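Take a look at the structure below.
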Amino acid sequence: MGNTNYKIQKQNRIDNEGVELRRQPIGVFDSGVGGISVLRECVKIMPNEDFIYYGDSKNAPYGTKPTEVVRELTIAQVKRFLEIPIKGCVIACNSATSAAVRVLREMYPELPLVGIEPALKPASLYKRDPRVLVLATPMTIKEEKFKNLLAKYEDKATIYGLPCPGLMEYVEEGKYDTSEVSNFLEELLAPYRGGVIDAVVLGCTHYPFVKDKISQVLGPGVRVFDGGEGTAREMRRRIDVAGLLTDKTTRGEVIFENSSEDKSKIELCNRLLNMYQ
Ligand code: DGL
């Protein structure tokens with residue numbers, strides 16, 4: 001149903017308003033503010049595109065919820081995006097991607113849609129037989145998608161998956177630069193200090209905002225990998241292939257929306273995006 005509607009809408013827009021379609025925004029979705037670590041990469045490589053970022057902070061965290069609940073929440077938001085409409089969609093949340101990306105691809109086969117998954121490929125291949133620690137939500141670690149990813153690289157690397165319930169909350173509450181989060185990480189990562197691992201994968205989009213703190217605990221010898229840049233590149237490639245790159249030559253706009261009634265979330269979104277501009 002959604003599929004047919006989308007096709008008809010898209011066809012009409014191409015026939016009648018080809019330029020308009022190229023100028024539609026790209027939707028970026030996360031359970032909260034974490035997906036801004038992916039949005040910032042999108043803005044870097046597609047500066048003239050418009051983006052609408054939706055954080056579902058009211059329902060966060062996703063990573064400790066049942067998969068079906070997260071699937072429903074994610075599908076509902078993609079439907080709302082399509083009503084705006086958008087020309088492409090980034091699921092900037094590893095947990096939501098694990099739960100919903102396969103279904104969404106079936107629902108909207110023509111929509112340029114990109115999900116994010118832990119950057120296990122570059123981390124497993126950057127040297128011979130590295131020991132790789134993957135930090136992610138409990139959902140990402142337990143889902144089929146991650147198991148398939150593990151199966152692909154386990155002969156190239158020794159991989160440890162570590163669920164980190166409680167970590168995303170520090171970013172979500174704007175406490176990413178506090179001693180509280182340092183203490184949390186010291187305890188969580190204690191078994192992996194002192195040369196036990198070669199690389200760490202940030203398998204949740206909230207974690208890049210505490211990347212320096214993770215590095216401080218694990219030490220400078222541990223390489224850090226995060227999938228934000230690869231995801232942004234893939235989105236650009238998909239909209240390029242679909243002939244949907246904007247024809248504008250001026251800088252695009254970023255609009256933030258959030259399901260939370262707490263107005264400070266939007267201010268936090270701006271702050272996180274500007275941290276890297
Ligand atoms: N940012 C999300 C991810 O990449 C998850 C955080 C959460 O809602 O648990 O997995």
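Residue numbering restarts at 1 for every chain of the structure tokens, chains are lettered A, B, ... in their displayed order, and ligands are numbered from 1 as they appear.
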Can I get the residues of chain A within 6 Å of ligand 1, each with the closest pair of atoms and their distance in Å to one decimal, using only C-alpha atoms and all ligand atoms, sorted chain first then ascending number, as JSON lines?
```
{"residue": "A:Asp30", "atom": "CA", "partner": "ligand 1", "partner_atom_place_in_ligand_line": "1 (N)", "distance": 5.9}
{"residue": "A:Ser31", "atom": "CA", "partner": "ligand 1", "partner_atom_place_in_ligand_line": "8 (O)", "distance": 4.7}
{"residue": "A:Gly34", "atom": "CA", "partner": "ligand 1", "partner_atom_place_in_ligand_line": "1 (N)", "distance": 4.8}
{"residue": "A:Ala60", "atom": "CA", "partner": "ligand 1", "partner_atom_place_in_ligand_line": "8 (O)", "distance": 4.7}
{"residue": "A:Pro61", "atom": "CA", "partner": "ligand 1", "partner_atom_place_in_ligand_line": "8 (O)", "distance": 3.4}
{"residue": "A:Tyr62", "atom": "CA", "partner": "ligand 1", "partner_atom_place_in_ligand_line": "8 (O)", "distance": 3.6}
{"residue": "A:Gly63", "atom": "CA", "partner": "ligand 1", "partner_atom_place_in_ligand_line": "9 (O)", "distance": 3.4}
{"residue": "A:Cys93", "atom": "CA", "partner": "ligand 1", "partner_atom_place_in_ligand_line": "4 (O)", "distance": 3.5}
{"residue": "A:Asn94", "atom": "CA", "partner": "ligand 1", "partner_atom_place_in_ligand_line": "4 (O)", "distance": 3.8}
{"residue": "A:Ser95", "atom": "CA", "partner": "ligand 1", "partner_atom_place_in_ligand_line": "10 (O)", "distance": 3.9}
{"residue": "A:Thr137", "atom": "CA", "partner": "ligand 1", "partner_atom_place_in_ligand_line": "10 (O)", "distance": 5.7}
{"residue": "A:Met168", "atom": "CA", "partner": "ligand 1", "partner_atom_place_in_ligand_line": "6 (C)", "distance": 5.6}
{"residue": "A:Cys204", "atom": "CA", "partner": "ligand 1", "partner_atom_place_in_ligand_line": "4 (O)", "distance": 3.3}
{"residue": "A:Thr205", "atom": "CA", "partner": "ligand 1", "partner_atom_place_in_ligand_line": "4 (O)", "distance": 3.9}
{"residue": "A:His206", "atom": "CA", "partner": "ligand 1", "partner_atom_place_in_ligand_line": "1 (N)", "distance": 4.9}
```
Excluding Lys147 of chain A and residues on its chain fewer than 5 positions from it, collect all residues at most 12 Å away from it, counting only C-alpha atoms, and give them as a ChimeraX atom specification.
/A:98,117-118,120,139-142,152-154,159-161
Rank nothing, just name the residue among A:Lys58, A:Pro165, A:Ala96, A:Phe29 nearest to Tyr207 of chain A, using only C-alpha atoms.
A:Pro165
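Every residue of segment 120-220 of chain A with a DSSP assignment of strand (DSSP E), taken from the backbone, is listed as Arg131, Val132, Leu133, Val134, Leu135, Ala136, Thr158, Ile159, Tyr160, Gly161, Leu162, Pro163, Ala199, Val200, Val201 and Leu202 of chain A.
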Would you write out, as JSON lines, a table of all residues in segment 119-236 of chain A that have an atom no more than 10 Å from an atom of segment 253-267 of chain A, listing for each the closest atom pair and the distance in Å to one decimal, considering only C-alpha atoms and ordering rows by chain and rising residue number?
```
{"residue": "A:Glu172", "atom": "CA", "partner": "A:Lys265", "partner_atom": "CA", "distance": 8.4}
{"residue": "A:Glu173", "atom": "CA", "partner": "A:Lys265", "partner_atom": "CA", "distance": 8.5}
{"residue": "A:Gly174", "atom": "CA", "partner": "A:Lys265", "partner_atom": "CA", "distance": 8.8}
```
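Take atom CA of Asn48 of chain A and atom CA of Thr250 of chain A: the distance between them is 5.7 Å.
When atom CA of Arg80 of chain A is paired with atom CA of Asp240 of chain A, their separation reads 23.3 Å.
In this model, the gap between atom CA of Asp56 of chain A and atom CA of Gly32 of chain A comes to 4.9 Å.
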Exercise: segment 187-203 of chain A partners within 9 Å, only C-alpha atoms, chain neighbours under 5 positions left out, as a ChimeraX atom specification
/A:94,116-120,123-124,130-137,140-141,164,182,208,211,214,217-219,221-227
